[in-house]
file upload_27.cif (mmCIF, C-alpha atoms and all ligand atoms)
data_data
loop_
_atom_site.label_atom_id
_atom_site.label_comp_id
_atom_site.auth_asym_id
_atom_site.auth_seq_id
_atom_site.Cartn_x
_atom_site.Cartn_y
_atom_site.Cartn_z
CA MET A 592 80.63 66.72 97.22
CA LEU A 593 78.47 65.29 94.40
CA ARG A 594 75.84 62.73 95.27
CA ALA A 595 73.74 60.50 93.03
CA GLY A 596 71.98 62.50 90.33
CA ALA A 597 72.56 66.08 89.37
CA ASP A 598 74.59 68.62 91.31
CA ARG A 599 72.11 70.29 93.67
CA PHE A 600 73.48 73.71 92.68
CA ASN A 601 73.33 73.29 88.92
CA ARG A 602 70.59 75.95 88.57
CA MET A 603 72.58 78.41 90.67
CA ARG A 604 75.63 77.83 88.48
CA MET A 605 73.63 79.32 85.61
CA ILE A 606 73.84 82.70 87.36
CA GLU A 607 77.17 83.65 85.85
CA PHE A 608 78.65 85.91 88.47
CA LEU A 609 78.07 83.56 91.40
CA ASP A 610 81.23 81.85 92.67
CA LEU A 611 79.93 78.63 94.25
CA ASP A 612 83.41 77.52 95.35
CA ALA A 613 83.90 80.76 97.28
CA ILE A 614 80.41 80.44 98.76
CA HIS A 615 81.14 76.85 99.88
CA GLU A 616 84.36 77.98 101.61
CA CYS A 617 83.04 81.19 103.19
CA ARG A 618 83.02 81.42 106.99
CA CYS A 619 79.77 83.18 107.93
CA LEU A 620 78.91 84.69 111.27
CA VAL A 621 75.16 84.99 111.87
CA VAL A 622 74.20 87.00 114.93
CA GLY A 623 70.72 86.33 116.27
CA ALA A 624 68.71 83.11 115.98
CA GLY A 625 65.19 84.54 116.10
CA ALA A 626 62.80 84.69 113.16
CA LEU A 627 65.24 86.55 110.91
CA GLY A 628 68.11 84.27 111.96
CA ASN A 629 66.05 81.17 111.07
CA GLU A 630 65.31 82.50 107.59
CA VAL A 631 68.85 83.72 106.98
CA VAL A 632 70.39 80.36 107.96
CA LYS A 633 67.87 78.54 105.76
CA ASP A 634 68.71 80.77 102.79
CA LEU A 635 72.46 80.52 103.45
CA VAL A 636 72.39 76.71 103.57
CA LEU A 637 70.18 76.41 100.49
CA SER A 638 72.53 78.82 98.69
CA GLY A 639 75.58 76.64 99.39
CA PHE A 640 77.12 78.32 102.43
CA ARG A 641 78.56 75.55 104.58
CA TYR A 642 80.46 77.11 107.46
CA ILE A 643 78.16 79.11 109.69
CA THR A 644 78.69 80.25 113.27
CA LEU A 645 75.39 81.17 114.90
CA VAL A 646 75.40 83.36 118.01
CA ASP A 647 72.42 83.57 120.36
CA HIS A 648 71.98 82.95 124.08
CA ASP A 649 68.18 82.75 124.13
CA VAL A 650 65.73 79.86 124.62
CA ILE A 651 62.86 79.14 122.21
CA SER A 652 59.50 80.61 123.20
CA ARG A 653 56.03 79.76 121.90
CA SER A 654 55.69 83.09 120.05
CA ASN A 655 58.67 82.06 117.86
CA LEU A 656 56.79 79.11 116.35
CA SER A 657 54.77 81.07 113.78
CA ARG A 658 57.91 82.44 112.12
CA CYS A 659 60.73 79.96 112.68
CA LEU A 660 61.27 77.03 110.31
CA PHE A 661 63.72 75.21 112.58
CA PHE A 662 61.77 75.39 115.87
CA ARG A 663 59.31 72.79 117.19
CA GLU A 664 56.58 72.82 119.83
CA LYS A 665 58.61 70.41 122.01
CA ASP A 666 61.53 72.91 122.08
CA VAL A 667 59.56 75.65 123.85
CA GLY A 668 61.07 76.75 127.12
CA SER A 669 64.03 74.36 127.13
CA VAL A 670 66.04 74.34 123.88
CA LYS A 671 68.45 77.11 122.92
CA LYS A 672 67.56 78.76 119.61
CA ALA A 673 71.06 78.44 118.16
CA ARG A 674 71.26 74.72 119.06
CA ALA A 675 67.91 73.92 117.44
CA ILE A 676 68.92 75.61 114.18
CA ALA A 677 72.38 74.06 114.19
CA SER A 678 71.07 70.54 114.74
CA ARG A 679 68.39 70.78 112.03
CA ALA A 680 70.21 72.74 109.30
CA ARG A 681 71.93 69.57 108.10
CA SER A 682 68.55 68.09 107.22
CA ILE A 683 68.50 70.73 104.44
CA ASP A 684 72.06 70.03 103.26
CA PRO A 685 74.22 67.36 104.92
CA ASP A 686 77.35 69.36 104.00
CA ALA A 687 76.24 72.34 106.09
CA ARG A 688 78.11 72.93 109.34
CA VAL A 689 76.26 75.30 111.65
CA ARG A 690 78.14 75.82 114.91
CA PRO A 691 76.08 77.26 117.77
CA ASN A 692 77.69 79.79 120.08
CA ILE A 693 75.46 80.24 123.14
CA SER A 694 76.52 83.72 124.07
CA ARG A 695 75.96 87.41 123.56
CA ILE A 696 77.80 88.90 120.59
CA GLN A 697 79.69 91.18 122.95
CA PHE A 698 81.62 88.11 124.20
CA VAL A 699 82.35 86.59 120.78
CA ASP A 700 85.56 86.93 118.75
CA MET A 701 84.31 87.98 115.31
CA SER A 702 87.70 88.06 113.63
CA ASP A 703 87.66 84.48 112.34
CA HIS A 704 84.94 85.11 109.76
CA ASP A 705 84.64 86.35 106.18
CA ILE A 706 81.19 87.93 106.42
CA ILE A 707 78.71 88.89 109.15
CA LEU A 708 74.93 88.84 108.91
CA GLY A 709 73.16 90.71 111.69
CA CYS A 710 69.71 89.40 112.67
CA VAL A 711 69.42 91.13 116.02
CA ASP A 712 66.52 93.03 117.55
CA ASN A 713 68.32 95.81 119.41
CA ILE A 714 70.50 98.80 118.69
CA ASP A 715 73.15 97.92 121.25
CA ALA A 716 74.11 94.71 119.47
CA ARG A 717 73.98 96.48 116.10
CA ILE A 718 76.40 99.17 117.19
CA HIS A 719 78.75 96.55 118.64
CA ILE A 720 78.75 94.44 115.47
CA ASN A 721 79.04 97.51 113.25
CA SER A 722 82.09 98.99 114.97
CA HIS A 723 83.92 95.64 115.19
CA ALA A 724 83.11 94.73 111.60
CA ARG A 725 84.45 98.11 110.47
CA PHE A 726 87.60 97.70 112.57
CA LEU A 727 88.21 94.17 111.26
CA SER A 728 87.23 95.11 107.66
CA ILE A 729 84.66 92.31 107.53
CA PRO A 730 81.59 93.00 105.35
CA TYR A 731 78.50 93.32 107.52
CA ILE A 732 74.89 92.97 106.35
CA ASP A 733 72.31 94.20 108.82
CA GLY A 734 68.64 93.30 108.58
CA ALA A 735 65.69 94.54 110.59
CA THR A 736 61.92 94.11 110.51
CA TYR A 737 59.04 95.88 112.18
CA GLY A 738 55.63 94.50 111.28
CA LEU A 739 55.30 94.54 107.50
CA ARG A 740 58.27 96.88 107.09
CA GLY A 741 61.94 96.11 107.06
CA LYS A 742 65.36 97.33 106.00
CA VAL A 743 68.70 96.01 104.88
CA GLN A 744 72.00 97.87 105.03
CA THR A 745 75.29 96.52 103.72
CA VAL A 746 78.39 97.90 105.42
CA LEU A 747 81.57 97.63 103.36
CA SER A 748 85.01 98.91 104.32
CA ASP A 749 84.88 101.81 101.85
CA GLY A 750 81.37 103.07 102.51
CA PRO A 751 79.00 104.38 105.18
CA CYS A 752 78.37 102.27 108.26
CA LEU A 753 75.29 101.67 110.38
CA GLN A 754 76.19 104.43 112.79
CA CYS A 755 76.35 106.96 109.93
CA ALA A 756 72.61 106.37 109.53
CA MET A 757 71.78 106.67 113.23
CA ASN A 758 70.61 109.73 115.09
CA ARG A 759 70.10 110.91 118.68
CA THR A 760 66.85 108.95 119.00
CA HIS A 761 68.73 105.70 118.44
CA VAL A 762 71.30 106.58 121.10
CA LYS A 763 68.59 107.45 123.65
CA GLN A 764 66.85 104.17 122.90
CA MET A 765 70.12 102.31 123.46
CA GLU A 766 70.70 104.00 126.82
CA ARG A 767 67.21 103.01 128.01
CA HIS A 768 67.98 99.33 127.42
CA PHE A 769 70.66 99.16 130.09
CA SER A 770 70.80 99.48 133.82
CA CYS A 771 73.94 100.66 135.65
CA SER A 772 75.10 97.04 135.86
CA GLY A 773 74.93 96.72 132.08
CA ASP A 774 72.20 94.07 132.25
CA ASP A 775 69.18 94.33 129.99
CA VAL A 776 66.32 96.15 131.70
CA PHE A 777 63.60 95.27 129.25
CA VAL A 778 62.97 94.02 125.77
CA THR A 779 59.85 95.33 124.10
CA PRO A 780 58.15 92.77 121.82
CA ILE A 781 57.77 94.10 118.28
CA PRO A 782 55.21 93.12 115.65
CA SER A 783 56.54 90.56 113.21
CA ASP A 784 55.34 88.19 110.48
CA ILE A 785 57.06 85.54 108.40
CA THR A 786 56.37 87.08 104.97
CA THR A 787 58.28 90.28 105.72
CA THR A 788 60.97 88.34 107.57
CA ALA A 789 61.43 86.08 104.53
CA VAL A 790 61.79 89.07 102.17
CA ILE A 791 64.41 90.79 104.34
CA ALA A 792 66.35 87.54 104.91
CA GLY A 793 66.38 86.86 101.17
CA MET A 794 67.73 90.35 100.45
CA MET A 795 70.44 89.90 103.10
CA VAL A 796 71.66 86.54 101.80
CA ARG A 797 71.60 87.81 98.21
CA GLU A 798 73.93 90.65 99.25
CA ALA A 799 76.19 88.06 100.93
CA MET A 800 76.29 85.98 97.73
CA LYS A 801 77.42 89.04 95.73
CA ILE A 802 80.15 89.98 98.21
CA VAL A 803 81.52 86.46 98.56
CA SER A 804 81.49 86.05 94.77
CA GLY A 805 83.73 89.11 94.48
CA ARG A 806 80.95 91.32 93.14
CA SER A 807 80.44 93.79 95.96
CA ASP A 808 80.15 96.40 93.19
CA LEU A 809 76.61 95.03 92.73
CA CYS A 810 75.71 95.71 96.39
CA SER A 811 73.61 98.65 97.41
CA ARG A 812 75.66 101.23 99.33
CA ASP A 813 72.46 102.82 100.59
CA MET A 814 69.79 101.60 102.97
CA CYS A 815 67.18 99.44 101.28
CA TYR A 816 63.78 100.06 102.84
CA TYR A 817 60.95 97.58 102.23
CA ASP A 818 57.30 98.40 102.84
CA GLY A 819 55.22 95.24 102.66
CA GLU A 820 51.99 97.12 103.19
CA LYS A 821 52.48 99.13 100.01
CA GLY A 822 54.55 96.45 98.30
CA THR A 823 57.38 98.90 97.59
CA THR A 824 61.14 98.94 97.98
CA GLU A 825 63.20 102.12 97.97
CA LEU A 826 66.82 103.08 98.49
CA LEU A 827 67.53 105.73 101.12
CA ASP A 828 70.80 107.56 100.59
CA VAL A 829 73.24 107.13 103.51
CA PRO A 830 76.29 109.41 103.19
CA VAL A 831 79.39 108.86 105.35
CA ASP A 832 78.88 110.98 108.47
CA PRO A 833 82.13 112.92 109.09
CA THR A 834 81.41 112.83 112.85
CA CYS A 835 80.91 109.05 112.91
CA PRO A 836 83.59 107.46 115.14
CA ASN A 837 84.02 104.51 112.80
CA HIS A 838 85.70 106.42 109.97
CA GLY A 839 88.69 107.91 111.75
CA GLY A 840 91.21 106.32 109.41
CA ASP A 841 89.29 106.96 106.18
ZN ZN A 901 79.89 105.46 110.07
#
call {"tool": "encode", "arguments": {"input": "upload_27.cif", "output": "structure tokens", "more": "lines below"}}
Ligand SMILES: [Zn+2]
result
Amino acid sequence: MLRAGADRFNRMRMIEFLDLDAIHECRCLVVGAGALGNEVVKDLVLSGFRYITLVDHDVISRSNLSRCLFFREKDVGSVKKARAIASRARSIDPDARVRPNISRIQFVDMSDHDIILGCVDNIDARIHINSHARFLSIPYIDGATYGLRGKVQTVLSDGPCLQCAMNRTHVKQMERHFSCSGDDVFVTPIPSDITTTAVIAGMMVREAMKIVSGRSDLCSRDMCYYDGEKGTTELLDVPVDPTCPNHGGD
């Protein structure tokens, strides 16, 4: 919808390969409404994505405030993260529709989406999203940060998946997170800052823009590793692991 004055996306239209109509229509699933989820939703909305489902069951805590654009001091302890982002995203673009889903991803039907952006802080959720995205042939972009370092991996139907890049250490870490009942036993806080979070979120949304514009050939098939301390970015080769359970039909 055009409002008074110039089209808000007229500078983006100068980037020839971007398909703004496809971006406007895309149904995004964002998993995780923490620091990375805040930045990813902000970048998605500013980039013209309008239909976003945001999954998170958590409540805002004070330690979120230094890294989360959409959270306010008055929210601490009472407002769900996904609801705060959903209610404030339209102040960036009134055409944005962010629908909060107050749940764990394990209870969410992912099939009704065109692309998935993972902003989670644990391996269990990553493995769940990864296997379902592979099964449903939905492109999945996973982001992670740890202090000033971070990584982005794009999982497409014809390439390696997240589990191809995992090893026994990851599996052991996953097992330690759960009790016999399946409930979380502990969550260890990890170091985090907004500058690294913003870089990783930007890389994730840029990959989404390529895929939705029909240019997944421009996406990195490897793992992109960012080191904010050194100021470097490098691509780590991730081959398809023939023992990975997610490639049975390949
Ligand atoms: Zn795999």
call {"tool": "residues_near_ligand", "arguments": {"input": "upload_27.cif", "ligand": "ligand ZN 901 (chain A)", "cutoff": "12 Å", "atoms": "only C-alpha atoms and all ligand atoms", "output": "PyMOL selection string"}}
result
chain A and resi 718+721-726+745-758+829-841
call {"tool": "closest_residue", "arguments": {"input": "upload_27.cif", "among": "A:Leu609, A:Ala716, A:Phe600, A:Ser678", "to": "A:Leu809", "atoms": "all atoms listed in the file"}}
result
A:Leu609
call {"tool": "closest_residue", "arguments": {"input": "upload_27.cif", "among": "A:Ile614, A:Ile729, A:Ala792, A:Ala675", "to": "A:Gly628", "atoms": "all atoms listed in the file"}}
result
A:Ala792
call {"tool": "closest_residue", "arguments": {"input": "upload_27.cif", "among": "A:Ser783, A:Asn655, A:Gln744, A:Ser702", "to": "A:Tyr731", "atoms": "all atoms listed in the file"}}
result
A:Gln744
call {"tool": "atom_distance", "arguments": {"input": "upload_27.cif", "atom1": "atom CA of A:Thr788", "atom2": "atom CA of A:Lys671"}}
result
20.4 Å
call {"tool": "residues_near_point", "arguments": {"input": "upload_27.cif", "point": "(69.1, 105.7, 103.0)", "cutoff": "6 Å", "atoms": "all atoms listed in the file", "output": "list in words"}}
result
Asp813, Met814, Leu826, Leu827, Asp828 and Val829 of chain A
call {"tool": "write_last_selection", "arguments": {"input": "upload_27.cif", "atoms": "C-alpha atoms", "output": "compact mmCIF listing (two decimals), in the frame of the given file"}}
result
# COMPACT_ATOMS: atom_id res chain seq x y z
CA ASP A 813 72.46 102.82 100.59
CA MET A 814 69.79 101.60 102.97
CA LEU A 826 66.82 103.08 98.49
CA LEU A 827 67.53 105.73 101.12
CA ASP A 828 70.80 107.56 100.59
CA VAL A 829 73.24 107.13 103.51
call {"tool": "atom_distance", "arguments": {"input": "upload_27.cif", "atom1": "atom CA of A:Gly709", "atom2": "atom CA of A:Gly734"}}
result
6.1 Å
call {"tool": "residues_around", "arguments": {"input": "upload_27.cif", "residues": "A:Val796", "least_positions_apart": "3", "cutoff": "8 Å", "atoms": "only C-alpha atoms", "output": "list in words"}}
result
Val631, Asp634, Leu635, Ala792, Gly793, Ala799 and Met800 of chain A
call {"tool": "atom_distance", "arguments": {"input": "upload_27.cif", "atom1": "atom CA of A:Ile693", "atom2": "atom CA of A:Arg653"}}
result
19.5 Å
call {"tool": "closest_residue", "arguments": {"input": "upload_27.cif", "among": "A:Ala624, A:Cys710, A:Leu660, A:Arg599", "to": "A:Asp684", "atoms": "all atoms listed in the file"}}
result
A:Arg599
call {"tool": "decode", "arguments": {"input": "upload_27.cif", "residues": "stretch 613-633 of chain A", "atoms": "N, CA, C and O atoms", "output": "PDB file, in the first residue's frame"}}
result
ATOM      1  N   ALA A 613       7.264 -10.684  -3.688  1.00  0.00           N
ATOM      2  CA  ALA A 613       7.405 -11.994  -3.030  1.00  0.00           C
ATOM      3  C   ALA A 613       7.721 -11.811  -1.546  1.00  0.00           C
ATOM      4  O   ALA A 613       7.210 -12.546  -0.699  1.00  0.00           O
ATOM      5  N   ILE A 614       8.546 -10.838  -1.233  1.00  0.00           N
ATOM      6  CA  ILE A 614       8.886 -10.563   0.171  1.00  0.00           C
ATOM      7  C   ILE A 614       7.635 -10.130   0.935  1.00  0.00           C
ATOM      8  O   ILE A 614       7.381 -10.586   2.051  1.00  0.00           O
ATOM      9  N   HIS A 615       6.818  -9.271   0.332  1.00  0.00           N
ATOM     10  CA  HIS A 615       5.585  -8.822   1.001  1.00  0.00           C
ATOM     11  C   HIS A 615       4.652  -9.991   1.299  1.00  0.00           C
ATOM     12  O   HIS A 615       3.934  -9.988   2.303  1.00  0.00           O
ATOM     13  N   GLU A 616       4.610 -10.984   0.405  1.00  0.00           N
ATOM     14  CA  GLU A 616       3.657 -12.094   0.538  1.00  0.00           C
ATOM     15  C   GLU A 616       4.185 -13.252   1.378  1.00  0.00           C
ATOM     16  O   GLU A 616       3.429 -14.141   1.777  1.00  0.00           O
ATOM     17  N   CYS A 617       5.475 -13.279   1.628  1.00  0.00           N
ATOM     18  CA  CYS A 617       6.118 -14.427   2.285  1.00  0.00           C
ATOM     19  C   CYS A 617       5.584 -14.632   3.710  1.00  0.00           C
ATOM     20  O   CYS A 617       5.416 -13.681   4.467  1.00  0.00           O
ATOM     21  N   ARG A 618       5.356 -15.900   4.047  1.00  0.00           N
ATOM     22  CA  ARG A 618       4.919 -16.240   5.415  1.00  0.00           C
ATOM     23  C   ARG A 618       6.137 -16.748   6.185  1.00  0.00           C
ATOM     24  O   ARG A 618       6.632 -17.845   5.943  1.00  0.00           O
ATOM     25  N   CYS A 619       6.630 -15.905   7.100  1.00  0.00           N
ATOM     26  CA  CYS A 619       7.857 -16.220   7.847  1.00  0.00           C
ATOM     27  C   CYS A 619       7.517 -16.836   9.200  1.00  0.00           C
ATOM     28  O   CYS A 619       6.597 -16.380   9.877  1.00  0.00           O
ATOM     29  N   LEU A 620       8.301 -17.796   9.584  1.00  0.00           N
ATOM     30  CA  LEU A 620       8.228 -18.318  10.950  1.00  0.00           C
ATOM     31  C   LEU A 620       9.539 -17.959  11.639  1.00  0.00           C
ATOM     32  O   LEU A 620      10.616 -18.361  11.185  1.00  0.00           O
ATOM     33  N   VAL A 621       9.449 -17.172  12.708  1.00  0.00           N
ATOM     34  CA  VAL A 621      10.619 -16.823  13.502  1.00  0.00           C
ATOM     35  C   VAL A 621      10.506 -17.556  14.836  1.00  0.00           C
ATOM     36  O   VAL A 621       9.503 -17.419  15.540  1.00  0.00           O
ATOM     37  N   VAL A 622      11.529 -18.331  15.154  1.00  0.00           N
ATOM     38  CA  VAL A 622      11.497 -19.119  16.389  1.00  0.00           C
ATOM     39  C   VAL A 622      12.483 -18.511  17.375  1.00  0.00           C
ATOM     40  O   VAL A 622      13.691 -18.461  17.115  1.00  0.00           O
ATOM     41  N   GLY A 623      11.950 -18.022  18.483  1.00  0.00           N
ATOM     42  CA  GLY A 623      12.790 -17.377  19.488  1.00  0.00           C
ATOM     43  C   GLY A 623      12.618 -15.872  19.449  1.00  0.00           C
ATOM     44  O   GLY A 623      12.771 -15.249  18.390  1.00  0.00           O
ATOM     45  N   ALA A 624      12.247 -15.288  20.600  1.00  0.00           N
ATOM     46  CA  ALA A 624      12.001 -13.846  20.662  1.00  0.00           C
ATOM     47  C   ALA A 624      12.948 -13.175  21.657  1.00  0.00           C
ATOM     48  O   ALA A 624      12.595 -12.204  22.316  1.00  0.00           O
ATOM     49  N   GLY A 625      14.156 -13.703  21.756  1.00  0.00           N
ATOM     50  CA  GLY A 625      15.181 -13.084  22.592  1.00  0.00           C
ATOM     51  C   GLY A 625      15.875 -11.970  21.817  1.00  0.00           C
ATOM     52  O   GLY A 625      15.271 -11.331  20.945  1.00  0.00           O
ATOM     53  N   ALA A 626      17.144 -11.742  22.133  1.00  0.00           N
ATOM     54  CA  ALA A 626      17.878 -10.654  21.495  1.00  0.00           C
ATOM     55  C   ALA A 626      17.937 -10.842  19.977  1.00  0.00           C
ATOM     56  O   ALA A 626      17.657  -9.911  19.209  1.00  0.00           O
ATOM     57  N   LEU A 627      18.282 -12.060  19.544  1.00  0.00           N
ATOM     58  CA  LEU A 627      18.382 -12.317  18.103  1.00  0.00           C
ATOM     59  C   LEU A 627      17.007 -12.213  17.441  1.00  0.00           C
ATOM     60  O   LEU A 627      16.883 -11.665  16.337  1.00  0.00           O
ATOM     61  N   GLY A 628      15.970 -12.710  18.110  1.00  0.00           N
ATOM     62  CA  GLY A 628      14.615 -12.619  17.572  1.00  0.00           C
ATOM     63  C   GLY A 628      14.159 -11.174  17.411  1.00  0.00           C
ATOM     64  O   GLY A 628      13.523 -10.809  16.419  1.00  0.00           O
ATOM     65  N   ASN A 629      14.476 -10.319  18.381  1.00  0.00           N
ATOM     66  CA  ASN A 629      14.161  -8.889  18.266  1.00  0.00           C
ATOM     67  C   ASN A 629      14.786  -8.292  17.012  1.00  0.00           C
ATOM     68  O   ASN A 629      14.126  -7.623  16.221  1.00  0.00           O
ATOM     69  N   GLU A 630      16.076  -8.532  16.830  1.00  0.00           N
ATOM     70  CA  GLU A 630      16.785  -7.949  15.690  1.00  0.00           C
ATOM     71  C   GLU A 630      16.296  -8.513  14.366  1.00  0.00           C
ATOM     72  O   GLU A 630      16.173  -7.794  13.381  1.00  0.00           O
ATOM     73  N   VAL A 631      16.030  -9.818  14.347  1.00  0.00           N
ATOM     74  CA  VAL A 631      15.557 -10.445  13.104  1.00  0.00           C
ATOM     75  C   VAL A 631      14.179  -9.896  12.717  1.00  0.00           C
ATOM     76  O   VAL A 631      13.954  -9.554  11.558  1.00  0.00           O
ATOM     77  N   VAL A 632      13.267  -9.773  13.682  1.00  0.00           N
ATOM     78  CA  VAL A 632      11.942  -9.229  13.354  1.00  0.00           C
ATOM     79  C   VAL A 632      12.067  -7.783  12.882  1.00  0.00           C
ATOM     80  O   VAL A 632      11.434  -7.378  11.908  1.00  0.00           O
ATOM     81  N   LYS A 633      12.907  -7.011  13.554  1.00  0.00           N
ATOM     82  CA  LYS A 633      13.114  -5.619  13.109  1.00  0.00           C
ATOM     83  C   LYS A 633      13.596  -5.578  11.666  1.00  0.00           C
ATOM     84  O   LYS A 633      13.053  -4.847  10.824  1.00  0.00           O
TER      85      LYS A 633
END
